[in-house]
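Enquirer: I'd like to ask you about the structure that follows.
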Amino acid sequence: MGEHDVKKTVDPVATRRFTRQVIQDVRALEYMLENNMLETGVSRIGAEQELFLVDASGQPANLVMELLENNTDERLVTELTRFNLEFNLDPCDLGGNCLRKMETQIDEVLGDVRLLAEKVGAKVVMTGILPTIHLSDLAIENMTPMPRYYALNDAIMGLRSGPAQYAIRGTDELFFQHDNIMVEGCNTSFQTHFQVDPESFAHAYNVAQLVAAPVLAAAANSPTLFGKRLWKETRIALFQQAVDTRSSNLYLREMSPRVHFGTCWVNESVTELYKEDIARFRVIMTSDYDDPFVELREGKIPKLRALGVHNGTVYRWNRAIYGVSGGKPHIRIENRILPSGPSVVDEVANAALWFGLVLGLTRKYDDIRPLMEFDEAQSNFVAASRLGMGSQLKWIDGGRYPAPELILDKLIPMAREGLSGAGIDAADVDRYLGVIKERVETRMNGAQWQLESLAAMKKEGSTRAERLDALVAATIARQETGAPGHEWGLASLAESTTLKRLRETRVEHYMSTDLFTVHQDEAVEFVAVLMDWRDIRHVVVEDYNHRLVGLVPHRRILRYLSERDGTFAGNDDVTVKDIMIKDPVSVEPTTSTVEAIKIMRDRKVGALPVTRDGQLVGIITESDFSRIAGKLLDERLESEGQ
């Protein structure tokens with residue numbers, strides 16, 4: 001959850017002092033490793049569960065502070081946004097029923113969180129990216145009011161030359177920019193922790209890197225953002241770009257983003273990771289700290305706080321963590337690749353696959369480095385993020401396999417050996433790896449369920465907002481049953497609550513974003529054929545910077561045609577500028593639906609272009625509202641007839 005008592009680096013003297021302290025912490029860790037001071041012979045597992053809070057219509061609910069006012073469980077903590085929440089599981093010794101304990105603990109805490117959310121008018125959903133989130137939800141006003149988050153935002157944005165640029169290409173394409181790091185709050189994950197012996201860390205970490213791709217391929221649960229179908233695990237691309245401070249002008253340099261997979265295998269020690277990150281990434285936040293060598297001389301265990309603060313600003317997908325538990329220092333691997341959801345049993349199954357593979361492969365192989373190039377493991381990770389179970393993955397035997405074949409034929413048996421060898425109860429091994437097996441056999445992970453649900457609902461002539469709202473409502477309902485995601489029925493439009501809560505919706509929920517526009521210097525005939533070919537009644541006029549300059553309603557074309565032999569007689573070169581409505585009334589995406597309807601009535605217009613920061617992003621028309629009204633009437637008549 002990160003250190004909260006931190007400060008942005010503004011004083012060069014304090015920054016240099018803190019940098020020296022980070023280096024000193026690494027030296028102290030090296031000393032502790034050389035003198036066998038870290039805990040060995042004990043394997044523990046743990047996890048962190050991240051969640052979204054949503055309102056009754058499935059939209060982000062900025063209620064985390066209100067929820068925590070009623071909370072007495074110290075495991076519940078804040079996240080970056082007011083609509084995110086995290087809880088930390090108690091660590092458990094590896095073996096026996098540890099996986100079942102993990103599932104039980106998640107269920108218990110999740111049940112308590114649901115009750116707390118209900119008290120403040122919210123619901124809880126586990127998903128990698130919330131389908132109903134909008135860019136307007138990512139305003140700085142929705143940041144959780146904690147110093148660490150503001151300091152991190154100032155530090156990251158301060159290293160950039162302007163707003164962050166986002167570009168993600170999948171089935172659809174998404175391009176946008178944003179002026180803060182709140183985009184990170186679109187993501188929630190299920191982070192697993194695995195404590196390992198210091199002397200075996202390098203091998204275990206390398207194996208964790210190796211298996212990241214196939215585990216992610218099976219677990220993908222983040223296929224959309226802002227309604228766009230992107231990567232099967234869009235979290236990976238989005239998080240990397242959210243905190244990327246590199247300049248696009250330095251394309252010739254090999255520069256790593258602060259969110260990264262790594263650059264090479266680890267050779268001997270955990271300190272290699274810390275040293276590389278210190279070398280590559282400047283200190284951007286500071287905190288109070290203690291001299292670790294003074295503490296060691298006094299017989300105390302140092303917390304290495306400065307190293308922890310810096311490590312918390314560099315986001316490896318598999319991250320090394322130094323911690324102190326029960327007065328004993330230890331090293332663990334934090335797996336950050338897994339998305340939240342789709343169900344609790346799915347999450348624990350994903351964890352079981354990962355734990356089992358790390359255990360099984362570290363026992364079977366003394367060293368995986370000679371078996372595969374690091375770049376191939378990294379390439380696998382990108383492929384799995386993009387394509388999920390549709391990816392082709394290189395493996396250490398030299399072969400290249402479809403992800404499902406690799407998982408079913410090679411990895412599940414290996415994970416079974418690893419879990420059984422660690423003394424995990426046989427029934428639990430069967431339960432959780434059975435979930436993975438059935439999911440992969442049916443090719444129905446969370447990402448696929450979302451995409452198939454959206455495709456099925458689209459055939460019913462619904463709006464994108466209705467589909468996304470129904471998807472969230474269906475996710476919440478099915479999560480509460482406890483069934484694994486591959487057994488879920490597809491989401492249906494009947495589960496949408498958007499129409500029932502019209503007064504709480506915004507223009508961005510209904511506007512059309514697939515626009516056919518013209519420039520003011522183009523021929524009027526082009527507008528006419530656009531209307532005819534695309535069956536639209538309003539064509540928006542924009543300049544080359546996508547700024548709104550006019551609107552051509554259908555009746556203006558009819559008037560032009562009727563006056564062509566009069567007003568426009570003898571003029572064969574009539575342009576859009578000659579007939580368009582100049583500077584038409586427009587609205588922002590965040591304008592309430594009710595207010596937009598009122599504007600259209602008061603101004604007697606049939607369409608409202610939608611702009612954000614002056615640029616055209618959509619249009620909403622009277623036909624959109626007529627369709628909404630029709631559905632509301634149908635629902636009312638159906639209700640009265642029951």
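We name chains A, B, ... following the order of the structure tokens; residues begin at 1 in each chain, and ligands are numbered from 1 as shown.
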Sorted by chain and rising residue number, which residues of stretch 268-336 of chain A lie within 12 Å of stretch 225-237 of chain A, and what are their closest atom pairs and distances in Å to one decimal, counting only C-alpha atoms, as a Markdown table?

Expert:
| residue | atom | partner | partner_atom | distance |
| --- | --- | --- | --- | --- |
| A:Tyr315 | CA | A:Ile236 | CA | 11.2 |
| A:Arg316 | CA | A:Ile236 | CA | 11.1 |
| A:Trp317 | CA | A:Ile236 | CA | 8.9 |
| A:Arg336 | CA | A:Ile236 | CA | 9.9 |

Enquirer: Just to be explicit: take each residue in the selection above, keep C-alpha atoms, and write the result as a JSON list (two decimals), in the first residue's frame.

Expert:
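Contents of the output file part_18.json:
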[["chain", "number", "residue", "atom", "x", "y", "z"],
["A", 315, "TYR", "CA", 6.79, -0.57, -10.53],
["A", 316, "ARG", "CA", 8.25, -3.85, -11.70],
["A", 317, "TRP", "CA", 5.55, -6.36, -12.56],
["A", 336, "ARG", "CA", 1.66, -7.42, -9.61]]

Enquirer: Can you pull out every residue within 9 Å of A:Ala383, counting only C-alpha atoms, but drop anything in the same chain fewer than 6 positions away, and send it as a ChimeraX atom specification?

Expert: /A:213,217,390-393

Enquirer: Produce a file of the selected residues containing N, CA and C atoms, as a compact mmCIF listing (two decimals), in the first residue's frame.

Expert:
# COMPACT_ATOMS: atom_id res chain seq x y z
N ALA A 213 3.98 -14.65 -18.23
CA ALA A 213 3.16 -14.59 -19.45
C ALA A 213 2.04 -15.62 -19.48
N ALA A 217 -1.93 -14.85 -19.36
CA ALA A 217 -2.79 -15.24 -20.47
C ALA A 217 -4.06 -15.92 -19.96
N GLY A 390 -5.13 -16.13 -26.72
CA GLY A 390 -4.88 -16.19 -28.15
C GLY A 390 -3.41 -16.02 -28.51
N SER A 391 -2.55 -15.90 -27.51
CA SER A 391 -1.13 -15.65 -27.76
C SER A 391 -0.37 -16.95 -28.02
N GLN A 392 0.75 -16.81 -28.73
CA GLN A 392 1.71 -17.89 -28.95
C GLN A 392 2.93 -17.61 -28.08
N LEU A 393 3.35 -18.59 -27.26
CA LEU A 393 4.39 -18.34 -26.28
C LEU A 393 5.58 -19.28 -26.49

Enquirer: If you run DSSP on this backbone, which residues of stretch 423-526 of chain A come out as alpha helix (DSSP H), and could you give them as a PyMOL selection string?

Expert: chain A and resi 426-442+446-458+464-479+524-526

Enquirer: For the residues in that selection, give me N, CA and C atoms as a short mmCIF file (atom, residue, chain, number, x, y, z; two decimals), in the first residue's frame.

Expert:
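File produced: part03.cif:
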data_model
loop_
_atom_site.label_atom_id
_atom_site.label_comp_id
_atom_site.auth_asym_id
_atom_site.auth_seq_id
_atom_site.Cartn_x
_atom_site.Cartn_y
_atom_site.Cartn_z
N ALA A 426 -4.31 -32.00 -1.04
CA ALA A 426 -4.61 -32.50 -2.37
C ALA A 426 -5.96 -31.99 -2.89
N ALA A 427 -6.94 -31.91 -2.00
CA ALA A 427 -8.27 -31.44 -2.43
C ALA A 427 -8.21 -30.00 -2.90
N ASP A 428 -7.37 -29.19 -2.25
CA ASP A 428 -7.24 -27.79 -2.66
C ASP A 428 -6.49 -27.68 -3.98
N VAL A 429 -5.47 -28.52 -4.16
CA VAL A 429 -4.76 -28.53 -5.43
C VAL A 429 -5.73 -28.85 -6.56
N ASP A 430 -6.56 -29.86 -6.35
CA ASP A 430 -7.55 -30.23 -7.36
C ASP A 430 -8.54 -29.10 -7.61
N ARG A 431 -8.99 -28.47 -6.53
CA ARG A 431 -10.00 -27.42 -6.65
C ARG A 431 -9.50 -26.25 -7.49
N TYR A 432 -8.35 -25.69 -7.12
CA TYR A 432 -7.91 -24.45 -7.76
C TYR A 432 -7.31 -24.69 -9.15
N LEU A 433 -6.51 -25.75 -9.31
CA LEU A 433 -6.00 -26.04 -10.64
C LEU A 433 -7.11 -26.56 -11.54
N GLY A 434 -8.15 -27.13 -10.94
CA GLY A 434 -9.32 -27.53 -11.72
C GLY A 434 -10.03 -26.33 -12.32
N VAL A 435 -10.10 -25.24 -11.56
CA VAL A 435 -10.70 -24.00 -12.09
C VAL A 435 -9.89 -23.50 -13.29
N ILE A 436 -8.56 -23.51 -13.17
CA ILE A 436 -7.70 -23.08 -14.28
C ILE A 436 -7.93 -23.99 -15.49
N LYS A 437 -7.96 -25.29 -15.27
CA LYS A 437 -8.12 -26.25 -16.36
C LYS A 437 -9.44 -26.01 -17.11
N GLU A 438 -10.54 -25.89 -16.39
CA GLU A 438 -11.84 -25.69 -17.03
C GLU A 438 -11.90 -24.33 -17.73
N ARG A 439 -11.31 -23.33 -17.12
CA ARG A 439 -11.30 -22.00 -17.75
C ARG A 439 -10.55 -22.02 -19.08
N VAL A 440 -9.39 -22.66 -19.08
CA VAL A 440 -8.58 -22.69 -20.30
C VAL A 440 -9.24 -23.59 -21.34
N GLU A 441 -9.81 -24.71 -20.93
CA GLU A 441 -10.47 -25.60 -21.89
C GLU A 441 -11.64 -24.91 -22.58
N THR A 442 -12.37 -24.09 -21.83
CA THR A 442 -13.52 -23.38 -22.41
C THR A 442 -13.12 -22.06 -23.05
N GLY A 446 -11.97 -13.99 -17.72
CA GLY A 446 -12.78 -12.79 -17.49
C GLY A 446 -12.83 -11.87 -18.69
N ALA A 447 -11.71 -11.73 -19.39
CA ALA A 447 -11.67 -10.84 -20.56
C ALA A 447 -12.61 -11.35 -21.65
N GLN A 448 -12.58 -12.66 -21.89
CA GLN A 448 -13.44 -13.21 -22.93
C GLN A 448 -14.91 -13.10 -22.57
N TRP A 449 -15.23 -13.30 -21.29
CA TRP A 449 -16.62 -13.16 -20.84
C TRP A 449 -17.12 -11.74 -21.08
N GLN A 450 -16.31 -10.76 -20.77
CA GLN A 450 -16.71 -9.37 -20.99
C GLN A 450 -16.93 -9.09 -22.47
N LEU A 451 -15.99 -9.52 -23.30
CA LEU A 451 -16.09 -9.23 -24.73
C LEU A 451 -17.29 -9.92 -25.37
N GLU A 452 -17.53 -11.17 -25.01
CA GLU A 452 -18.67 -11.88 -25.58
C GLU A 452 -19.99 -11.29 -25.08
N SER A 453 -20.01 -10.85 -23.83
CA SER A 453 -21.22 -10.21 -23.30
C SER A 453 -21.51 -8.92 -24.06
N LEU A 454 -20.50 -8.10 -24.28
CA LEU A 454 -20.69 -6.85 -25.01
C LEU A 454 -21.15 -7.10 -26.44
N ALA A 455 -20.56 -8.11 -27.09
CA ALA A 455 -20.94 -8.40 -28.47
C ALA A 455 -22.39 -8.87 -28.56
N ALA A 456 -22.80 -9.70 -27.60
CA ALA A 456 -24.17 -10.20 -27.62
C ALA A 456 -25.17 -9.06 -27.40
N MET A 457 -24.85 -8.14 -26.49
CA MET A 457 -25.76 -7.03 -26.21
C MET A 457 -25.80 -6.03 -27.35
N LYS A 458 -24.69 -5.88 -28.07
CA LYS A 458 -24.65 -4.93 -29.18
C LYS A 458 -25.64 -5.32 -30.26
N ARG A 464 -23.72 2.05 -26.16
CA ARG A 464 -22.53 1.57 -25.47
C ARG A 464 -22.68 1.74 -23.97
N ALA A 465 -23.28 2.85 -23.53
CA ALA A 465 -23.45 3.08 -22.10
C ALA A 465 -24.31 2.00 -21.46
N GLU A 466 -25.37 1.61 -22.13
CA GLU A 466 -26.24 0.57 -21.59
C GLU A 466 -25.51 -0.76 -21.48
N ARG A 467 -24.69 -1.05 -22.49
CA ARG A 467 -23.95 -2.32 -22.47
C ARG A 467 -22.93 -2.35 -21.34
N LEU A 468 -22.21 -1.25 -21.17
CA LEU A 468 -21.18 -1.21 -20.13
C LEU A 468 -21.81 -1.24 -18.73
N ASP A 469 -22.92 -0.53 -18.59
CA ASP A 469 -23.62 -0.53 -17.31
C ASP A 469 -24.13 -1.93 -16.97
N ALA A 470 -24.70 -2.61 -17.96
CA ALA A 470 -25.19 -3.97 -17.74
C ALA A 470 -24.05 -4.92 -17.40
N LEU A 471 -22.89 -4.69 -18.02
CA LEU A 471 -21.72 -5.53 -17.75
C LEU A 471 -21.30 -5.42 -16.29
N VAL A 472 -21.28 -4.20 -15.75
CA VAL A 472 -20.89 -4.01 -14.35
C VAL A 472 -21.94 -4.63 -13.42
N ALA A 473 -23.22 -4.38 -13.71
CA ALA A 473 -24.27 -4.94 -12.88
C ALA A 473 -24.22 -6.46 -12.87
N ALA A 474 -23.98 -7.05 -14.03
CA ALA A 474 -23.90 -8.51 -14.12
C ALA A 474 -22.68 -9.04 -13.37
N THR A 475 -21.56 -8.32 -13.45
CA THR A 475 -20.36 -8.73 -12.74
C THR A 475 -20.60 -8.76 -11.24
N ILE A 476 -21.21 -7.71 -10.72
CA ILE A 476 -21.49 -7.65 -9.28
C ILE A 476 -22.39 -8.80 -8.86
N ALA A 477 -23.46 -9.03 -9.62
CA ALA A 477 -24.42 -10.08 -9.26
C ALA A 477 -23.77 -11.46 -9.29
N ARG A 478 -22.94 -11.73 -10.28
CA ARG A 478 -22.32 -13.04 -10.39
C ARG A 478 -21.20 -13.24 -9.39
N GLN A 479 -20.49 -12.17 -9.06
CA GLN A 479 -19.45 -12.29 -8.03
C GLN A 479 -20.05 -12.68 -6.68
N VAL A 524 -20.82 21.08 -50.34
CA VAL A 524 -22.09 20.74 -49.70
C VAL A 524 -22.55 19.35 -50.13
N GLU A 525 -22.27 18.98 -51.37
CA GLU A 525 -22.70 17.68 -51.87
C GLU A 525 -22.10 16.54 -51.03
N PHE A 526 -20.91 16.76 -50.47
CA PHE A 526 -20.28 15.74 -49.63
C PHE A 526 -21.12 15.51 -48.37
#

Enquirer: According to DSSP computed on the backbone, where in stretch 390-577 of chain A is there strand (DSSP E or B)? Give the residues as a PyMOL selection string.

Expert: chain A and resi 392-394+400-402+424+506+512+517-518+523+538-542+547-553+575

Enquirer: Store the residues picked out above in a file with N, CA and C atoms, as a CSV table (one decimal), in the first residue's frame.

Expert:
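For reference, part-v1.csv as written:
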chain,number,residue,atom,x,y,z
A,392,GLN,N,0.8,-16.8,-28.7
A,392,GLN,CA,1.7,-17.9,-28.9
A,392,GLN,C,2.9,-17.6,-28.1
A,393,LEU,N,3.3,-18.6,-27.3
A,393,LEU,CA,4.4,-18.3,-26.3
A,393,LEU,C,5.6,-19.3,-26.5
A,394,LYS,N,6.8,-18.7,-26.4
A,394,LYS,CA,8.0,-19.5,-26.4
A,394,LYS,C,8.2,-20.1,-25.1
A,400,ARG,N,7.4,-23.3,-29.4
A,400,ARG,CA,6.5,-22.2,-29.4
A,400,ARG,C,5.1,-22.8,-29.4
A,401,TYR,N,4.3,-22.4,-28.4
A,401,TYR,CA,3.0,-23.1,-28.2
A,401,TYR,C,1.8,-22.1,-28.1
A,402,PRO,N,0.6,-22.4,-28.6
A,402,PRO,CA,-0.5,-21.6,-28.2
A,402,PRO,C,-0.7,-21.7,-26.7
A,424,ILE,N,0.7,-28.8,0.0
A,424,ILE,CA,-0.7,-28.3,-0.1
A,424,ILE,C,-1.7,-29.4,-0.1
A,506,ARG,N,-25.0,11.2,-17.4
A,506,ARG,CA,-24.4,12.3,-18.1
A,506,ARG,C,-24.4,12.1,-19.6
A,512,SER,N,-23.0,9.7,-29.2
A,512,SER,CA,-22.3,8.9,-30.3
A,512,SER,C,-20.9,9.4,-30.4
A,517,THR,N,-17.5,13.6,-39.9
A,517,THR,CA,-17.5,15.1,-39.9
A,517,THR,C,-17.0,15.6,-41.2
A,518,VAL,N,-17.1,16.9,-41.4
A,518,VAL,CA,-16.6,17.6,-42.6
A,518,VAL,C,-15.9,18.8,-42.2
A,523,ALA,N,-17.3,20.5,-50.1
A,523,ALA,CA,-18.5,20.8,-50.9
A,523,ALA,C,-19.8,20.3,-50.1
A,538,HIS,N,-27.5,14.8,-38.8
A,538,HIS,CA,-26.7,16.0,-38.4
A,538,HIS,C,-25.2,15.7,-38.7
A,539,VAL,N,-24.5,16.6,-39.4
A,539,VAL,CA,-23.1,16.4,-39.7
A,539,VAL,C,-22.4,17.6,-39.0
A,540,VAL,N,-21.4,17.2,-38.2
A,540,VAL,CA,-20.6,18.2,-37.5
A,540,VAL,C,-19.5,18.7,-38.3
A,541,VAL,N,-19.2,20.0,-38.2
A,541,VAL,CA,-18.1,20.7,-39.0
A,541,VAL,C,-17.0,21.0,-38.0
A,542,GLU,N,-15.8,20.5,-38.3
A,542,GLU,CA,-14.6,20.7,-37.4
A,542,GLU,C,-13.5,21.2,-38.2
A,547,ARG,N,-11.5,21.0,-33.6
A,547,ARG,CA,-12.3,22.0,-32.9
A,547,ARG,C,-13.6,22.2,-33.6
A,548,LEU,N,-14.7,22.3,-32.8
A,548,LEU,CA,-16.0,22.5,-33.4
A,548,LEU,C,-16.2,23.9,-34.0
A,549,VAL,N,-16.6,24.0,-35.3
A,549,VAL,CA,-16.9,25.3,-35.9
A,549,VAL,C,-18.3,25.4,-36.5
A,550,GLY,N,-19.0,24.3,-36.6
A,550,GLY,CA,-20.3,24.4,-37.2
A,550,GLY,C,-21.1,23.1,-37.1
A,551,LEU,N,-22.3,23.2,-37.6
A,551,LEU,CA,-23.2,22.0,-37.6
A,551,LEU,C,-24.1,22.2,-38.8
A,552,VAL,N,-24.3,21.1,-39.5
A,552,VAL,CA,-25.3,21.1,-40.7
A,552,VAL,C,-26.4,20.1,-40.4
A,553,PRO,N,-27.6,20.6,-40.0
A,553,PRO,CA,-28.7,19.7,-39.8
A,553,PRO,C,-29.3,19.3,-41.2
A,575,THR,N,-19.9,25.8,-50.5
A,575,THR,CA,-19.2,25.1,-49.5
A,575,THR,C,-20.0,24.9,-48.3

Enquirer: Could you pull the residues within 12 Å of A:Met372, counting only C-alpha atoms, minus those fewer than 4 positions along the same chain, as a PyMOL selection string?

Expert: chain A and resi 206-207+209-210+264-265+367-368+376-380+393-400

Enquirer: For atom CA of A:Asp90 and atom CA of A:Ala351, quote the distance in Å rounded to one decimal.

Expert: 15.1 Å

Enquirer: Have a look at atom CA of A:Val576 and atom CA of A:Gly606 and let me know their distance in Å, one decimal.

Expert: 18.8 Å

Enquirer: Can you tell me, as a PDB file with C-alpha atoms, in the first residue's frame, what residues are no more than 10 Å from A:Ile23 when counting only C-alpha atoms, ignoring any on the same chain fewer than 2 positions away?

Expert:
ATOM      1  CA  PHE A  18      17.948  10.990   0.660  1.00  0.00           C
ATOM      2  CA  THR A  19      19.657   9.449  -2.383  1.00  0.00           C
ATOM      3  CA  ARG A  20      22.717   8.783  -0.262  1.00  0.00           C
ATOM      4  CA  GLN A  21      20.445   7.154   2.308  1.00  0.00           C
ATOM      5  CA  ASP A  25      20.129   1.061   2.789  1.00  0.00           C
ATOM      6  CA  VAL A  26      21.312  -1.144  -0.076  1.00  0.00           C
ATOM      7  CA  ARG A  27      24.703  -1.481   1.581  1.00  0.00           C
ATOM      8  CA  ALA A  28      23.001  -2.412   4.838  1.00  0.00           C
ATOM      9  CA  LEU A  29      20.958  -5.060   3.029  1.00  0.00           C
ATOM     10  CA  TYR A 274      17.493  -2.481  -6.237  1.00  0.00           C
ATOM     11  CA  LYS A 275      20.775  -1.266  -7.702  1.00  0.00           C
ATOM     12  CA  ILE A 278      18.376   3.243  -8.281  1.00  0.00           C
ATOM     13  CA  ALA A 306      14.455   5.075   2.310  1.00  0.00           C
ATOM     14  CA  LEU A 307      14.932   2.052   0.062  1.00  0.00           C
TER      15      LEU A 307
END

Enquirer: So how many Å separate atom CA of A:Asp573 and atom CA of A:Leu530, to one decimal?

Expert: 17.8 Å
